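Report on one structure; see the data block that follows.
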Amino acid sequence: MTKKKIVLMSTGGTIVSSGESATQTTGYRLGNLGINTLLDQLPDLKSKIDLEELAVSHVDSSSMTSEIWLKLAREAQKAVDREDVDGVVITHGTDTMEETAYFLNLILKTDKPVVITGAMRPATALSSDGILNLYNAFQVACNELSRSQGVMMVLNNLIGSARFSTKTHTTNVATFSGLLNGELGSVVDNAVMFNNKVIRPHTLQTPFSIKDFEKDETFPKVVIVYSHADDDGTMVRAAVAAGVQGIIFAGLGNGCVPNRVLPEIAKATSAGIRVVRASRVFNGAVFNGLSEWEDAGMISAWNFSIIKARVLLQLALKKGITNVDELRKLFEAY
């Protein structure tokens, strides 16, 4: 059997972090532990795949930046563009994994498998989940059914989509879930089983690409404003004063906008700032808002989480898509 050529890209995160004891699963630090420490515990790996390694960064994902995103995207694109490469596996911290995954899901141009994995517990813990997650990620990257699935997240025996999978628990290894949208499939022992497919546009189906950053590597400044009782628009005003190009407004309930906040949002949209109306609620879609919200230029997020809505708005603005109606269609379609 011909071995698959997989490029492993490491960025840091819990999967290569160390605790002070085998029972420590929180409060650990990212040290000098390398990804090879995990690979060495998978003795049959190199008999199954032709592995190539690349260290893109070594950071805790709570310190992830758009500069690292762009570097990672460029390296991943270079890898999948090679005829000898069958897929890419990326190790990443779980704090911002879904944001990185969705960014890559929108910007990479390939039908080859791109799989992101990580861990909820450090490599030194008795119950470390990183080794199995990494092994399963390789299995998914080598599977023919993984082609054209977009960027996938493989953790805790589940195959999640970058579009819908989200972190739901602070410490549990079963943290990632597609919520009401479900998972793409699962990995059990050596069996990769797909049950679903994402129909939302991704990878080859999007207008975004790394070429959008050739002349200017900066990302549009888009912030998240989280609403609450007694919200009087202070944070919206602060965002406008900071010179943002976009705001993801995490409204209450079905993206509801407090009366005192709406005038501030209207001022922001009149100044050319694009405002997406999302929700601080964990699940469900946001659309069909009140006419005054629509008149104020707010864009419904549909079933986007606030953090993934931010990624889409950033790439849309970078592409020069600023028309409110065009952005509304984009959020509905994606």
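Residues in the structure tokens are named by chain (A, B, ... in the order shown) and by number from 1 within that chain; ligands are numbered from 1 in the order shown.
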
For region 101-145 of chain A against region 76-88 of chain A, with a cut-off of 9 Å and counting only C-alpha atoms, what is the closest atom pair and its distance in Å to one decimal for every residue that makes the cut, ordered by chain and number, as JSON lines?
```
{"residue": "A:Leu104", "atom": "CA", "partner": "A:Ala76", "partner_atom": "CA", "distance": 8.8}
{"residue": "A:Leu108", "atom": "CA", "partner": "A:Gln77", "partner_atom": "CA", "distance": 6.2}
{"residue": "A:Lys109", "atom": "CA", "partner": "A:Gln77", "partner_atom": "CA", "distance": 7.1}
{"residue": "A:Thr110", "atom": "CA", "partner": "A:Val80", "partner_atom": "CA", "distance": 6.7}
{"residue": "A:Asp111", "atom": "CA", "partner": "A:Val80", "partner_atom": "CA", "distance": 8.7}
{"residue": "A:Lys112", "atom": "CA", "partner": "A:Gly87", "partner_atom": "CA", "distance": 5.6}
{"residue": "A:Pro113", "atom": "CA", "partner": "A:Gly87", "partner_atom": "CA", "distance": 4.9}
{"residue": "A:Val114", "atom": "CA", "partner": "A:Val88", "partner_atom": "CA", "distance": 4.8}
{"residue": "A:Val115", "atom": "CA", "partner": "A:Val88", "partner_atom": "CA", "distance": 6.2}
{"residue": "A:Ile116", "atom": "CA", "partner": "A:Val88", "partner_atom": "CA", "distance": 8.5}
{"residue": "A:Phe138", "atom": "CA", "partner": "A:Val88", "partner_atom": "CA", "distance": 8.6}
{"residue": "A:Ala141", "atom": "CA", "partner": "A:Gly87", "partner_atom": "CA", "distance": 5.5}
{"residue": "A:Cys142", "atom": "CA", "partner": "A:Gly87", "partner_atom": "CA", "distance": 6.9}
```

Task: Selection: 10 Å around Thr2 (chain A), only C-alpha atoms, excl. self and same-chain fewer than 6 positions, as a PyMOL selection string - done: chain A and resi 48-50

Task: Residue nearest Leu180 (chain A) - candidates A:Met152, A:Leu327, A:Ala285, A:Ile299, atoms counted: only C-alpha atoms - done: A:Ala285

Open item on the list: Give me the residues near Val173 (chain A) as a VMD selection string, where near means some atom within 8 Å (using only C-alpha atoms) and where sequence neighbours in that chain fewer than 6 positions away do not count.
Closed with: chain A and resid 119 to 121 129 156

TODO: Please give the complete set of residues from region 11-184 of chain A that DSSP, run on the backbone, assigns to strand (DSSP E or B), formatted as JSON, numbers by chain.
DONE: {"A": [11, 12, 17, 18, 29, 30, 49, 50, 51, 52, 53, 54, 55, 56, 57, 58, 59, 87, 88, 89, 90, 91, 114, 115, 116, 117, 151, 152, 153, 154, 155, 158, 159, 160, 161, 166, 167, 176, 177]}

TODO: Quick one: everything within 10 Å of Phe287 (chain A), counting only C-alpha atoms, minus sequence neighbours fewer than 3 positions away in the same chain. Send it as a PyMOL selection string.
DONE: chain A and resi 254-255+277-278+284+290+299-303+332

Open item on the list: My list of candidates is A:Gly13, A:Pro201, A:Gly233, A:Gly320. Which is closest to Glu264 (chain A) when distances are computed with only C-alpha atoms?
Closed with: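 Residue with the minimum atom-to-atom distance to Glu264 (chain A): A:Gly233.
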
TODO: Could you check which of A:Ser165, A:Asn36, A:Asn133, A:Thr175 is closest to Lys308 (chain A), using only C-alpha atoms?
DONE: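 With only C-alpha atoms as the atom set, the closest residue is A:Ser165.
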
Task: Every residue of region 131-204 of chain A that DSSP places in alpha helix (DSSP H), as a list in words - done: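 Here is the list: Ile131, Leu132, Asn133, Leu134, Tyr135, Asn136, Ala137, Phe138, Gln139, Val140, Ala141 and Cys142 of chain A.
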
Mind writing the picked residues with N, CA, C and O atoms as an mmCIF file, in the first residue's frame?
```cif
data_model
loop_
_atom_site.group_PDB
_atom_site.id
_atom_site.type_symbol
_atom_site.label_atom_id
_atom_site.label_comp_id
_atom_site.auth_asym_id
_atom_site.auth_seq_id
_atom_site.Cartn_x
_atom_site.Cartn_y
_atom_site.Cartn_z
ATOM 1 N N ILE A 131 -2.288 12.672 22.308
ATOM 2 C CA ILE A 131 -1.710 11.624 21.467
ATOM 3 C C ILE A 131 -2.773 10.973 20.588
ATOM 4 O O ILE A 131 -2.589 10.814 19.386
ATOM 5 N N LEU A 132 -3.891 10.599 21.188
ATOM 6 C CA LEU A 132 -4.961 9.970 20.410
ATOM 7 C C LEU A 132 -5.566 10.954 19.423
ATOM 8 O O LEU A 132 -5.883 10.593 18.280
ATOM 9 N N ASN A 133 -5.747 12.210 19.845
ATOM 10 C CA ASN A 133 -6.278 13.212 18.926
ATOM 11 C C ASN A 133 -5.381 13.368 17.697
ATOM 12 O O ASN A 133 -5.859 13.475 16.566
ATOM 13 N N LEU A 134 -4.074 13.393 17.928
ATOM 14 C CA LEU A 134 -3.131 13.544 16.826
ATOM 15 C C LEU A 134 -3.176 12.328 15.910
ATOM 16 O O LEU A 134 -3.190 12.466 14.680
ATOM 17 N N TYR A 135 -3.215 11.156 16.510
ATOM 18 C CA TYR A 135 -3.279 9.931 15.706
ATOM 19 C C TYR A 135 -4.550 9.911 14.854
ATOM 20 O O TYR A 135 -4.518 9.580 13.665
ATOM 21 N N ASN A 136 -5.670 10.276 15.455
ATOM 22 C CA ASN A 136 -6.931 10.300 14.714
ATOM 23 C C ASN A 136 -6.926 11.359 13.612
ATOM 24 O O ASN A 136 -7.522 11.169 12.548
ATOM 25 N N ALA A 137 -6.261 12.477 13.869
ATOM 26 C CA ALA A 137 -6.161 13.524 12.852
ATOM 27 C C ALA A 137 -5.415 13.012 11.627
ATOM 28 O O ALA A 137 -5.801 13.292 10.482
ATOM 29 N N PHE A 138 -4.359 12.249 11.864
ATOM 30 C CA PHE A 138 -3.625 11.649 10.747
ATOM 31 C C PHE A 138 -4.508 10.681 9.973
ATOM 32 O O PHE A 138 -4.480 10.641 8.738
ATOM 33 N N GLN A 139 -5.307 9.901 10.706
ATOM 34 C CA GLN A 139 -6.190 8.943 10.037
ATOM 35 C C GLN A 139 -7.205 9.654 9.134
ATOM 36 O O GLN A 139 -7.468 9.216 8.006
ATOM 37 N N VAL A 140 -7.753 10.747 9.642
ATOM 38 C CA VAL A 140 -8.725 11.500 8.844
ATOM 39 C C VAL A 140 -8.046 12.139 7.633
ATOM 40 O O VAL A 140 -8.581 12.127 6.515
ATOM 41 N N ALA A 141 -6.849 12.671 7.821
ATOM 42 C CA ALA A 141 -6.125 13.312 6.721
ATOM 43 C C ALA A 141 -5.766 12.323 5.629
ATOM 44 O O ALA A 141 -5.623 12.707 4.464
ATOM 45 N N CYS A 142 -5.623 11.057 5.986
ATOM 46 C CA CYS A 142 -5.255 10.028 5.002
ATOM 47 C C CYS A 142 -6.461 9.397 4.321
ATOM 48 O O CYS A 142 -6.302 8.653 3.347
#
```

- [ ] Go ahead and compute the interatomic distance for CA of Val275 (chain A) and CA of Arg328 (chain A), in Å to one decimal.
- [x]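 Rounded to one decimal, the two atoms are 10.6 Å apart.
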